[in-house]
Amino acid sequence: MKKFSLILTIALVVALALPAMAATKVTFNGNLEMENQYVDPNTDPNVGTVGKSLSSTYGDLDLYLNAKINDKVSAFTELDYSLQFDDSSDAAGLEGRVDQMWINVEDAFGPLALRVGRMNEAAANNLLYDIEEGANEFVRLAYTADNISAKSGYSGEGKDVFFAEGTVTNLGLIDGVTLNYIDYNAGYQGYTVKLDKKHSFGEASVLFGNVDAKINDSANVLDVNFVTDQLFPGITTSLEYATAEKGFVADQAVLDQDDSVFVDTAAALYRNDKVEVIKPGINFDLTDKLNIDFAYAMYDADKSTDEDEYLDLVASYDLAENTYIDVEYENHNYDGWQEDEEKITTTLGVDF
């Protein structure tokens, strides 16, 4: 039944889009990936046996529908379907979700743009919030003029999430300033400020902030990042230092900070203590088709002796036009306080 629902949903989206193409500008594209992940040892009690190595294969389909209704109105829909191929029952392994679905109206209220629906919102460096699932249905107002932009949104329905962002660019000594604010009624309220500066030899940023969380009424964060320009043809390097006090990295699905530097390590490291991380990296093109990205992050807890040395190596190869294969090797060395973990992820993908 779920397979039939998937096919029916895709067919309906296409069918509904075709008549509108005559009157509006509609684009329909997507991404399909086949992924195999090997992990040793497995730590997920819901998949396989904990403590044993595990190999799992997935398929992931993302579909995007963009509609330009007129000069002021646009609409967007993103559908995401995933299937665990090695599940004992295909139907049990099929998951489908409407990731985004919104309508945007420019100049709805004077210079303010109105956007209503399900949308993704993320703060600078993904540190304060990265709202993609759970509470990403917003009523949002946005304003843009010259070097100033601002937006704010509210999600009701019992979730009570309010966010705001303001950005100013071209300030002379500083190229840009971004202020983010979040107020979530489950017990998380705070802000971050990010300063950006571009040099002839690279780009630098400094982010600082503070939140009032359930487990800490004043949790600070600092994130300093520098990425060089090309030192040699095809080669860039980076260095990041970050520290966050207990409670800043939200342990809540609504504020899922899944792209921040802190959540690359075990949750127990940042959940119970202040944590510091130093992360050097290098990125280089071996050929016009093969790219290598290497990073080595060193995490250290403040009050305990817990630490993690995390190696992340990614090789990306363009097989053909709009077709790629990625191989990622990850290794966590927890220095005895938690069992070390090794992971290899191989992904074949195509954009269409």
# chains A, B, ... in the order shown; residues from 1 in each chain; ligands from 1
>>> select_by_dssp(residues="stretch 203-328 of chain A", states="strand (DSSP E)", output="ChimeraX atom specification")
/A:203-213,219-228,235-244,275-285,290-301,307-320,323-328
>>> write_last_selection(atoms="C-alpha atoms", output="compact mmCIF listing (two decimals), in the first residue's frame")
# COMPACT_ATOMS: atom_id res chain seq x y z
CA GLU A 203 37.51 34.42 4.66
CA ALA A 204 37.20 34.73 8.44
CA SER A 205 34.20 34.69 10.75
CA VAL A 206 33.57 35.02 14.47
CA LEU A 207 30.30 33.95 16.08
CA PHE A 208 29.29 34.40 19.72
CA GLY A 209 26.03 33.99 21.56
CA ASN A 210 24.13 33.00 24.69
CA VAL A 211 21.00 31.00 25.51
CA ASP A 212 18.78 30.42 28.51
CA ALA A 213 18.18 26.68 28.48
CA ALA A 219 25.12 29.03 28.20
CA ASN A 220 27.69 30.78 25.99
CA VAL A 221 29.08 29.80 22.58
CA LEU A 222 32.06 30.93 20.53
CA ASP A 223 32.88 29.77 17.00
CA VAL A 224 35.91 31.12 15.09
CA ASN A 225 36.46 29.94 11.53
CA PHE A 226 38.98 30.73 8.78
CA VAL A 227 39.05 29.34 5.24
CA THR A 228 41.99 30.22 3.00
CA ILE A 235 43.85 23.42 -2.74
CA THR A 236 42.22 25.28 0.18
CA THR A 237 42.67 24.83 3.94
CA SER A 238 40.53 25.70 6.95
CA LEU A 239 40.77 25.97 10.72
CA GLU A 240 37.87 26.16 13.17
CA TYR A 241 37.83 26.62 16.93
CA ALA A 242 34.58 26.43 18.86
CA THR A 243 33.45 26.11 22.45
CA ALA A 244 29.96 25.76 23.92
CA VAL A 275 33.04 21.23 25.20
CA GLU A 276 35.84 22.62 23.02
CA VAL A 277 36.76 21.58 19.50
CA ILE A 278 39.66 22.37 17.18
CA LYS A 279 39.10 21.32 13.58
CA PRO A 280 41.73 21.74 10.85
CA GLY A 281 40.85 20.71 7.32
CA ILE A 282 42.05 20.62 3.73
CA ASN A 283 40.18 20.38 0.45
CA PHE A 284 41.81 19.69 -2.91
CA ASP A 285 40.98 18.66 -6.47
CA LEU A 290 37.87 13.94 -8.23
CA ASN A 291 37.72 16.05 -5.05
CA ILE A 292 39.11 15.10 -1.62
CA ASP A 293 37.96 16.71 1.63
CA PHE A 294 39.79 15.90 4.88
CA ALA A 295 39.05 17.13 8.41
CA TYR A 296 40.34 16.11 11.83
CA ALA A 297 38.31 17.39 14.79
CA MET A 298 39.57 17.16 18.38
CA TYR A 299 36.83 17.41 21.03
CA ASP A 300 37.60 17.93 24.71
CA ALA A 301 35.19 18.15 27.66
CA GLU A 307 37.41 13.48 24.53
CA ASP A 308 37.00 12.44 20.93
CA GLU A 309 39.37 12.50 17.97
CA TYR A 310 37.20 12.46 14.87
CA LEU A 311 38.61 11.86 11.39
CA ASP A 312 36.40 12.58 8.40
CA LEU A 313 37.62 11.83 4.85
CA VAL A 314 35.38 12.28 1.80
CA ALA A 315 36.20 11.46 -1.83
CA SER A 316 33.76 12.76 -4.45
CA TYR A 317 33.94 11.68 -8.10
CA ASP A 318 31.88 12.88 -11.07
CA LEU A 319 30.98 9.70 -12.98
CA ALA A 320 29.05 11.52 -15.70
CA THR A 323 25.98 11.80 -11.71
CA TYR A 324 28.39 11.34 -8.81
CA ILE A 325 29.76 8.86 -6.31
CA ASP A 326 30.87 9.81 -2.79
CA VAL A 327 32.85 7.65 -0.38
CA GLU A 328 33.11 8.90 3.21
>>> closest_atom_pairs(of="stretch 110-149 of chain A", to="stretch 62-81 of chain A", cutoff="12 Å", atoms="only C-alpha atoms", output="tab-separated table")
residue	atom	partner	partner_atom	distance
A:Pro111	CA	A:Lys72	CA	11.6
A:Leu112	CA	A:Lys72	CA	11.5
A:Ala113	CA	A:Lys72	CA	9.0
A:Leu114	CA	A:Val73	CA	9.6
A:Arg115	CA	A:Ala75	CA	9.3
A:Val116	CA	A:Ala75	CA	9.8
A:Gly117	CA	A:Phe76	CA	9.6
A:Arg118	CA	A:Thr77	CA	8.9
A:Met119	CA	A:Thr77	CA	9.3
A:Asn120	CA	A:Glu78	CA	10.6
A:Glu132	CA	A:Glu78	CA	11.7
A:Glu133	CA	A:Asp80	CA	11.9
>>> write_last_selection(atoms="C-alpha atoms", output="PDB file, in the first residue's frame")
ATOM      1  CA  PRO A 111       7.706  46.158   1.579  1.00  0.00           C
ATOM      2  CA  LEU A 112       7.186  42.965   3.603  1.00  0.00           C
ATOM      3  CA  ALA A 113       7.048  39.554   1.924  1.00  0.00           C
ATOM      4  CA  LEU A 114       4.695  36.931   3.369  1.00  0.00           C
ATOM      5  CA  ARG A 115       5.538  33.221   3.370  1.00  0.00           C
ATOM      6  CA  VAL A 116       3.183  30.617   4.813  1.00  0.00           C
ATOM      7  CA  GLY A 117       3.667  26.859   5.053  1.00  0.00           C
ATOM      8  CA  ARG A 118       6.361  24.338   5.885  1.00  0.00           C
ATOM      9  CA  MET A 119       9.871  25.723   5.357  1.00  0.00           C
ATOM     10  CA  ASN A 120      13.444  25.152   6.500  1.00  0.00           C
ATOM     11  CA  GLU A 132      13.865  21.226   9.249  1.00  0.00           C
ATOM     12  CA  GLU A 133      11.472  18.798  10.902  1.00  0.00           C
TER      13      GLU A 133
END
